[in-house]
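Here the structure comes first, spelled out in structure tokens, and everything after it is commentary.
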Amino acid sequence: MTASTVSTVSDAATVSDVSAVSDVPETPVLPADERTHRHTQGGAAHRRSEVDPLAALRTPQDPPWDVYLTGTVFLDVVFTGLDSAPVRGTESWARGMGSSPGGVANMATALARLGLRTSLAAAFGDDHYGDYCWDALAQGEGIDLSPSRTVPGWHSPVTVSMAYEGERTMVSHGHEPPPEEPSPDCPPRARAAVASLTPGVRAPWIAQAAARGTRVFADVGWDDTGAWDLAGLPDLAHCEAFLPNAEEAMRYTGATCPRAAAHALTEHVPLAVVTLGADGAYAVDRRTGESAEVPAIEVEALDPTGAGDVFVAGFVTGTLAGWPLADRLAFAGLTAALSVQEFGGSLSAPGWGEIATWWRKVQSVERQDPAALRRYAFLADLVPDDLPGSWPLRRAVPTIGFRPPTR
């Protein structure tokens with residue numbers, strides 16, 4: 001199977017698509033007293049997904065949440081349709097615009113749209129941006145925010161992303177974060193947690209979650225210290241899976257090949273998954289001795305923002321559902337491929353409607369490689385034949401907080 005065998009239906013979205021209104025009506029700006037009440041009450045009920053990938057496994061004794069995560073929520077504003085990078089001393093007009101919660105919200109949204117009951121601990125600014133992000137996550141995505149809090153007087157971090165010529169430029173602004181971590185002293189019970197490891201920093205909640213039986217999946221950012229020492233990731237000892245990219249994996253292990261790096265990482269964590277960019281992903285499970293490699297789906301990428309988060313969300317979903325390792329890699333790669341064909345982070349995370357539409361379309365392509373279809377045949381048992389959907393699904397919201405019409 002080549003990387004392009006399933007790409008014939010990967011029609012990239014046009015630049016102006018992101019300026020369409022959301023398929024879910026925006027939440028109007030609430031009066032101050034209603035916002036206070038909402039933030040005091042915390043979370044939202046889980047929004048029913050088109051597919052529950054864990055339906056066959058659920059019991060009354062289950063933890064209340066499938067996945068828990070914590071981090072910083074940004075307000076992302078995305079400008080698209082720029083002919084070139086902004087030029088100094090000039091004014092540029094974008095043909096499209098979208099806004100959405102970003103940062104850790106990218107991962108939380110990707111998990112929720114795949115049908116996992118998701119709980120997020122984060123600090124939210126005491127401003128309209130914070131209200132917008134809270135409403136979008138709690139009401140729009142059904143993410144539980146009961147471990148989250150609003151910080152009086154704190155401004156929401158903001159990122160502006162400008163997309164042009166297949167590239168992106170990002171500008172961020174934020175004030176000093178709250179002195180207290182948004183994560184609670186003891187995280188809620190969950191099947192799994194997703195953690196972003198920071199070199200030289202220990203996050204106590206990871207050990208606490210693992211001690212309660214939560215399966216911890218971890219990624220890592222670039223090591224600005226240049227040490228690239230696995231001993232500097234003390235929380236890795238509490239993780240079930242580690243998902244670095246190829247460059248990170250090789251630097252941490254000293255291996256000259258990402259596949260060799262994956263095997264070396266299993267000396268420190270049971271399951272190592274190394275993303276290979278355009279070449280797909282490779283994974284090794286130390287407990288079973290199993291390894292798997294799945295090539296990437298070749299697509300015309302418009303914006304890679306959040307693709308790594310979507311990949312992790314897809315892999316977590318398949319792992320909790322008990323799928324074979326190769327199926328988990330294929331599903332994670334598929335969801336990431338769908339996401340890069342849209343602009344924005346959480347805006348582009350696919351749901352089951354898009355996955356179903358892709359699966360139906362790809363089977364209808366003439367002269368399709370049968371081996372390529374077999375690689376994704378597991379979708380046939382997951383996606384109901386009558387599941388409605390469209391792909392790409394427009395979720396962009398160009399304006400924050402429309403006020404309700406006055407009479």
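Convention: chains lettered A, B, ... in structure tokens order; per-chain residue numbering from 1; ligands numbered from 1 as shown.
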Which residues come within 8 Å of range 247-253 of chain A, counting only C-alpha atoms, excluding same-chain residues fewer than 5 positions away, as a list in words?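 Selected residues are Trp222, Trp228, Asp229, Leu230, Pro258, Ala261, Ala262, Ala264, Leu265 and Val274 of chain A.
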With 8 Å as the cut-off and only C-alpha atoms counted, what is the closest atom pair between each nearby residue of range 317-397 of chain A and range 301-312 of chain A? Distances in Å to one decimal, ordered by chain and number, as a Markdown table.
| residue | atom | partner | partner_atom | distance |
| --- | --- | --- | --- | --- |
| A:Ala332 | CA | A:Phe311 | CA | 4.5 |
| A:Gly333 | CA | A:Phe311 | CA | 6.0 |
| A:Thr335 | CA | A:Val310 | CA | 6.3 |
| A:Ala336 | CA | A:Ala307 | CA | 5.0 |
| A:Ala337 | CA | A:Ala307 | CA | 7.7 |
| A:Ser339 | CA | A:Ala307 | CA | 6.1 |
| A:Val340 | CA | A:Pro304 | CA | 5.0 |
| A:Gln341 | CA | A:Ala301 | CA | 5.1 |
| A:Glu342 | CA | A:Leu302 | CA | 6.1 |
| A:Phe343 | CA | A:Asp303 | CA | 5.2 |
| A:Gly344 | CA | A:Thr305 | CA | 5.9 |
| A:Gly345 | CA | A:Gly306 | CA | 4.4 |
| A:Ser346 | CA | A:Gly306 | CA | 6.9 |
| A:Ser348 | CA | A:Gly306 | CA | 7.9 |
| A:Ala349 | CA | A:Val310 | CA | 6.3 |
Need the shell around Phe331 in chain A: protein/DNA/RNA residues with any atom at most 9 Å away, counting only C-alpha atoms. Skip same-chain ones fewer than 5 positions apart. Format as a list in words? Phe311, Gly314, Phe315, Thr317, Gly318, Ala326, Ala336, Tyr376 and Leu379 of chain A
Store the residues of this selection in a file with all heavy atoms, as a PDB file, in the first residue's frame.
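So part_15.pdb came out as:
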ATOM      1  N   PHE A 311      -4.211  13.121  16.053  1.00  0.00           N
ATOM      2  CA  PHE A 311      -3.598  11.800  15.957  1.00  0.00           C
ATOM      3  C   PHE A 311      -3.633  11.094  17.316  1.00  0.00           C
ATOM      4  O   PHE A 311      -4.033   9.928  17.415  1.00  0.00           O
ATOM      5  CB  PHE A 311      -2.160  11.921  15.465  1.00  0.00           C
ATOM      6  CG  PHE A 311      -1.461  10.592  15.307  1.00  0.00           C
ATOM      7  CD1 PHE A 311      -1.450   9.947  14.076  1.00  0.00           C
ATOM      8  CD2 PHE A 311      -0.816   9.989  16.384  1.00  0.00           C
ATOM      9  CE1 PHE A 311      -0.810   8.715  13.929  1.00  0.00           C
ATOM     10  CE2 PHE A 311      -0.179   8.764  16.249  1.00  0.00           C
ATOM     11  CZ  PHE A 311      -0.179   8.129  15.019  1.00  0.00           C
ATOM     12  N   GLY A 314      -7.155   9.983  18.192  1.00  0.00           N
ATOM     13  CA  GLY A 314      -7.544   8.794  17.462  1.00  0.00           C
ATOM     14  C   GLY A 314      -6.901   7.550  18.025  1.00  0.00           C
ATOM     15  O   GLY A 314      -7.538   6.485  18.137  1.00  0.00           O
ATOM     16  N   PHE A 315      -5.626   7.653  18.407  1.00  0.00           N
ATOM     17  CA  PHE A 315      -4.931   6.491  18.957  1.00  0.00           C
ATOM     18  C   PHE A 315      -5.480   6.117  20.334  1.00  0.00           C
ATOM     19  O   PHE A 315      -5.655   4.937  20.642  1.00  0.00           O
ATOM     20  CB  PHE A 315      -3.432   6.765  19.050  1.00  0.00           C
ATOM     21  CG  PHE A 315      -2.626   5.544  19.379  1.00  0.00           C
ATOM     22  CD1 PHE A 315      -2.283   4.631  18.396  1.00  0.00           C
ATOM     23  CD2 PHE A 315      -2.238   5.291  20.687  1.00  0.00           C
ATOM     24  CE1 PHE A 315      -1.558   3.488  18.700  1.00  0.00           C
ATOM     25  CE2 PHE A 315      -1.518   4.157  21.009  1.00  0.00           C
ATOM     26  CZ  PHE A 315      -1.178   3.250  20.008  1.00  0.00           C
ATOM     27  N   THR A 317      -8.510   6.630  21.366  1.00  0.00           N
ATOM     28  CA  THR A 317      -9.828   6.036  21.119  1.00  0.00           C
ATOM     29  C   THR A 317      -9.695   4.555  20.779  1.00  0.00           C
ATOM     30  O   THR A 317     -10.378   3.697  21.361  1.00  0.00           O
ATOM     31  CB  THR A 317     -10.538   6.782  19.978  1.00  0.00           C
ATOM     32  OG1 THR A 317     -10.719   8.146  20.346  1.00  0.00           O
ATOM     33  CG2 THR A 317     -11.898   6.154  19.683  1.00  0.00           C
ATOM     34  N   GLY A 318      -8.824   4.233  19.837  1.00  0.00           N
ATOM     35  CA  GLY A 318      -8.655   2.855  19.431  1.00  0.00           C
ATOM     36  C   GLY A 318      -8.090   1.978  20.537  1.00  0.00           C
ATOM     37  O   GLY A 318      -8.458   0.792  20.671  1.00  0.00           O
ATOM     38  N   ALA A 326      -2.289  -2.056  14.614  1.00  0.00           N
ATOM     39  CA  ALA A 326      -2.272  -1.473  13.267  1.00  0.00           C
ATOM     40  C   ALA A 326      -3.541  -0.681  12.990  1.00  0.00           C
ATOM     41  O   ALA A 326      -3.498   0.369  12.327  1.00  0.00           O
ATOM     42  CB  ALA A 326      -2.087  -2.562  12.216  1.00  0.00           C
ATOM     43  N   ALA A 336      -6.083  12.431  11.590  1.00  0.00           N
ATOM     44  CA  ALA A 336      -5.144  13.541  11.395  1.00  0.00           C
ATOM     45  C   ALA A 336      -5.170  14.028   9.953  1.00  0.00           C
ATOM     46  O   ALA A 336      -5.111  15.237   9.691  1.00  0.00           O
ATOM     47  CB  ALA A 336      -3.733  13.097  11.783  1.00  0.00           C
ATOM     48  N   TYR A 376      -8.373  -0.232   5.959  1.00  0.00           N
ATOM     49  CA  TYR A 376      -9.379   0.541   6.691  1.00  0.00           C
ATOM     50  C   TYR A 376     -10.715  -0.190   6.793  1.00  0.00           C
ATOM     51  O   TYR A 376     -11.725   0.414   7.160  1.00  0.00           O
ATOM     52  CB  TYR A 376      -9.566   1.913   6.023  1.00  0.00           C
ATOM     53  CG  TYR A 376      -8.311   2.732   6.061  1.00  0.00           C
ATOM     54  CD1 TYR A 376      -7.366   2.645   5.039  1.00  0.00           C
ATOM     55  CD2 TYR A 376      -8.030   3.549   7.140  1.00  0.00           C
ATOM     56  CE1 TYR A 376      -6.184   3.373   5.089  1.00  0.00           C
ATOM     57  CE2 TYR A 376      -6.853   4.283   7.196  1.00  0.00           C
ATOM     58  CZ  TYR A 376      -5.935   4.189   6.177  1.00  0.00           C
ATOM     59  OH  TYR A 376      -4.761   4.898   6.241  1.00  0.00           O
ATOM     60  N   LEU A 379     -13.370   0.005   9.665  1.00  0.00           N
ATOM     61  CA  LEU A 379     -14.369   1.068   9.773  1.00  0.00           C
ATOM     62  C   LEU A 379     -15.772   0.569   9.462  1.00  0.00           C
ATOM     63  O   LEU A 379     -16.764   1.130   9.953  1.00  0.00           O
ATOM     64  CB  LEU A 379     -14.017   2.222   8.839  1.00  0.00           C
ATOM     65  CG  LEU A 379     -12.761   3.030   9.171  1.00  0.00           C
ATOM     66  CD1 LEU A 379     -12.473   4.032   8.060  1.00  0.00           C
ATOM     67  CD2 LEU A 379     -12.912   3.734  10.510  1.00  0.00           C
TER      68      LEU A 379
END
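Interatomic distance, CA of Pro188 in chain A to CA of Gly351 in chain A: 25.1 Å.
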So, counting only C-alpha atoms, which residue among A:Ile143, A:Cys133, A:Cys186, A:Leu271 is closest to Ala218 in chain A? A:Leu271
Residues near Leu120 in chain A, anyone? I mean within 12 Å using only C-alpha atoms, not counting same-chain ones fewer than 6 positions away, as a PyMOL selection string. chain A and resi 42-44+65-73+103-109+111-112+134+137-138+141-149+182-184+187-188+190+193-195
Just C-alpha atoms for this one: save the residues we selected as a PDB file, in the first residue's frame.
ATOM      1  CA  GLY A  42     -18.837  24.038  36.185  1.00  0.00           C
ATOM      2  CA  GLY A  43     -19.290  21.261  33.650  1.00  0.00           C
ATOM      3  CA  ALA A  44     -21.784  20.270  31.015  1.00  0.00           C
ATOM      4  CA  TRP A  65     -14.990   9.910  32.291  1.00  0.00           C
ATOM      5  CA  ASP A  66     -13.171   8.202  29.466  1.00  0.00           C
ATOM      6  CA  VAL A  67     -10.359  10.766  29.251  1.00  0.00           C
ATOM      7  CA  TYR A  68      -9.039  13.486  31.533  1.00  0.00           C
ATOM      8  CA  LEU A  69      -6.592  16.213  30.539  1.00  0.00           C
ATOM      9  CA  THR A  70      -5.346  19.561  31.749  1.00  0.00           C
ATOM     10  CA  GLY A  71      -3.511  22.518  30.253  1.00  0.00           C
ATOM     11  CA  THR A  72      -3.903  26.048  28.927  1.00  0.00           C
ATOM     12  CA  VAL A  73      -6.834  27.122  26.752  1.00  0.00           C
ATOM     13  CA  GLY A 103      -4.280  25.086  23.141  1.00  0.00           C
ATOM     14  CA  VAL A 104      -5.314  22.059  25.189  1.00  0.00           C
ATOM     15  CA  ALA A 105      -8.832  22.577  23.797  1.00  0.00           C
ATOM     16  CA  ASN A 106      -7.622  21.110  20.495  1.00  0.00           C
ATOM     17  CA  MET A 107      -7.032  17.738  22.152  1.00  0.00           C
ATOM     18  CA  ALA A 108     -10.172  17.889  24.292  1.00  0.00           C
ATOM     19  CA  THR A 109     -12.340  18.679  21.282  1.00  0.00           C
ATOM     20  CA  LEU A 111     -11.468  13.363  21.919  1.00  0.00           C
ATOM     21  CA  ALA A 112     -15.044  14.510  22.467  1.00  0.00           C
ATOM     22  CA  TRP A 134     -16.041  27.984  28.048  1.00  0.00           C
ATOM     23  CA  LEU A 137     -16.311  23.598  24.964  1.00  0.00           C
ATOM     24  CA  ALA A 138     -19.051  22.911  27.507  1.00  0.00           C
ATOM     25  CA  GLU A 141     -18.668  19.996  22.475  1.00  0.00           C
ATOM     26  CA  GLY A 142     -20.133  18.531  25.671  1.00  0.00           C
ATOM     27  CA  ILE A 143     -16.798  18.582  27.499  1.00  0.00           C
ATOM     28  CA  ASP A 144     -16.932  18.382  31.287  1.00  0.00           C
ATOM     29  CA  LEU A 145     -15.414  21.522  32.800  1.00  0.00           C
ATOM     30  CA  SER A 146     -16.194  20.839  36.449  1.00  0.00           C
ATOM     31  CA  PRO A 147     -12.435  20.655  37.283  1.00  0.00           C
ATOM     32  CA  SER A 148     -11.886  24.004  35.514  1.00  0.00           C
ATOM     33  CA  ARG A 149     -12.098  27.449  37.023  1.00  0.00           C
ATOM     34  CA  PRO A 182      -5.771  24.411  37.176  1.00  0.00           C
ATOM     35  CA  SER A 183      -5.619  20.646  37.777  1.00  0.00           C
ATOM     36  CA  PRO A 184      -7.279  19.530  41.027  1.00  0.00           C
ATOM     37  CA  PRO A 187      -7.824  14.255  39.174  1.00  0.00           C
ATOM     38  CA  PRO A 188     -11.241  12.684  38.547  1.00  0.00           C
ATOM     39  CA  ALA A 190     -11.085   8.268  34.153  1.00  0.00           C
ATOM     40  CA  ALA A 193      -5.497  10.704  30.658  1.00  0.00           C
ATOM     41  CA  VAL A 194      -3.461  12.628  28.113  1.00  0.00           C
ATOM     42  CA  ALA A 195      -0.403  14.450  29.422  1.00  0.00           C
TER      43      ALA A 195
END
List every residue of range 116-329 of chain A that DSSP, applied to the backbone of this structure, assigns to helix (DSSP H, G or I), and report them as a PyMOL selection string. chain A and resi 128-140+204-211+230-232+234-238+246-253+258-265+277-279+307-320+325-329
